[in-house]
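J.: Just dropping this structure here.
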Amino acid sequence: MSSEVSTSSLNDIMFFLMLFFLIMSTMVAPSVIKINLPKTNAGKAVSKQNITLAVDSNLNYYLNNEKITFDQLEPKLIAINQKDTTKEPTIVFQASKKLQLQDVVDVMGVGSKLKMKMVLATTNK
């Protein structure tokens, strides 16, 4: 008596998985397409405002290269957010890899509380 494993439906399953991943990969990053945009001398930039927030290993906080304390962080972000309401500010958060996780979570909690988009900056080195 010999046992046999039926693999006839395996081809169909693999085809549907390949199709699924192909469709999902095009939906994940639609901005990958490179387009040469025309240039102009007139008009305003419509890009989002970026706010740089850096925290070094000694818990020194720098908001747009200005040294602040953690207690000053929330009021300063509120002031930046209220100064120009036409742009959606994005906080680029540069945290030292030597920080404890709780310190990173505390800073990200301030951004979440203010409903501001926060991006954690990394390096590829």
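So you can find residues: chains in the structure tokens are A, B, ... in the order shown, residues in each start at 1, and ligands are numbered from 1 in order.
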Report as a list in words all protein, DNA and RNA residues lying within 9 Å of Lys97 (chain A), evaluated on only C-alpha atoms, omitting residues in the same chain fewer than 3 positions from it.
T.: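 Once the adjacent positions are removed, what remains is Asp56, Ser57 and Gln100 of chain A.
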J.: Output the selection as an mmCIF file, in the first residue's frame - C-alpha atoms for each residue.
T.:
```
data_model
loop_
_atom_site.group_PDB
_atom_site.id
_atom_site.type_symbol
_atom_site.label_atom_id
_atom_site.label_comp_id
_atom_site.auth_asym_id
_atom_site.auth_seq_id
_atom_site.Cartn_x
_atom_site.Cartn_y
_atom_site.Cartn_z
ATOM 1 C CA ASP A 56 19.972 62.756 21.754
ATOM 2 C CA SER A 57 21.177 60.063 24.143
ATOM 3 C CA GLN A 100 15.020 53.874 26.190
#
```
J.: Just want the 8 Å neighbourhood of Ala95 (chain A), counted on only C-alpha atoms, with same-chain residues fewer than 5 positions away dropped. Output as a JSON list (two decimals) with C-alpha atoms, in the first residue's frame.
T.:
```json
[["chain", "number", "residue", "atom", "x", "y", "z"],
["A", 54, "ALA", "CA", 15.68, 65.46, 17.63],
["A", 55, "VAL", "CA", 16.41, 63.77, 20.95],
["A", 56, "ASP", "CA", 19.97, 62.76, 21.75],
["A", 104, "VAL", "CA", 10.48, 57.45, 22.51],
["A", 120, "LEU", "CA", 10.51, 58.24, 12.91],
["A", 121, "ALA", "CA", 13.71, 58.98, 10.99]]
```
J.: Please list as a list in words every residue within 12 Å of Glu74 (chain A), counting only C-alpha atoms and excluding residues in the same chain fewer than 3 positions away.
T.: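 Here the qualifying residues turn out to be Leu53, Tyr61, Leu63, Ile68, Thr69, Phe70, Asp71, Leu77, Ile78, Ala79, Ile80, Asn81, Asp106, Val107, Met108, Gly109, Val110, Gly111, Ser112, Lys113, Leu114, Lys115 and Met116 of chain A.
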J.: Quick one: pull the distance between CA of Met118 (chain A) and CA of Leu22 (chain A), Å, one decimal.
T.: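 If I compute the distance from CA of Met118 (chain A) to CA of Leu22 (chain A), I get 29.5 Å.
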J.: Give me, please, the distance in Å between CA of Ile91 (chain A) and CA of Glu66 (chain A), quoted to one decimal.
T.: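 The value is 14.4 Å.
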J.: List as a PDB file with N, CA and C atoms, in the first residue's frame the protein and nucleic acid residues near Asn50 (chain A), meaning an atom at most 8 Å away when only C-alpha atoms are counted, but skip any in the same chain fewer than 2 places from it.
T.:
```pdb
ATOM      1  N   LYS A  48       3.954  70.017   2.433  1.00  0.00           N
ATOM      2  CA  LYS A  48       3.649  70.021   3.853  1.00  0.00           C
ATOM      3  C   LYS A  48       4.811  70.616   4.631  1.00  0.00           C
ATOM      4  N   THR A  52      11.296  69.386  12.574  1.00  0.00           N
ATOM      5  CA  THR A  52      12.339  68.458  12.972  1.00  0.00           C
ATOM      6  C   THR A  52      12.413  68.417  14.492  1.00  0.00           C
ATOM      7  N   PRO A  89       1.305  69.944   9.311  1.00  0.00           N
ATOM      8  CA  PRO A  89       2.691  69.711   9.727  1.00  0.00           C
ATOM      9  C   PRO A  89       2.994  68.232   9.953  1.00  0.00           C
ATOM     10  N   THR A  90       4.197  67.854   9.584  1.00  0.00           N
ATOM     11  CA  THR A  90       4.691  66.504   9.828  1.00  0.00           C
ATOM     12  C   THR A  90       5.935  66.627  10.690  1.00  0.00           C
ATOM     13  N   ILE A  91       5.962  65.881  11.783  1.00  0.00           N
ATOM     14  CA  ILE A  91       7.113  65.903  12.686  1.00  0.00           C
ATOM     15  C   ILE A  91       8.064  64.796  12.272  1.00  0.00           C
ATOM     16  N   VAL A  92       9.283  65.175  11.902  1.00  0.00           N
ATOM     17  CA  VAL A  92      10.324  64.195  11.600  1.00  0.00           C
ATOM     18  C   VAL A  92      11.085  63.987  12.901  1.00  0.00           C
TER      19      VAL A  92
END
```
J.: From the set A:Lys83, A:Thr122, A:Asn60, A:Leu19, which residue has the shortest atom-to-atom contact distance to Asp103 (chain A), counting only C-alpha atoms?
T.: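 When distances to Asp103 (chain A) are compared using only C-alpha atoms, the smallest one comes from A:Asn60.
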J.: For a test of reading the model, state the distance in Å between CA of Asn64 (chain A) and CA of Lys98 (chain A), rounded to one decimal.
T.: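 For CA of Asn64 (chain A) relative to CA of Lys98 (chain A), the distance reads 21.0 Å.
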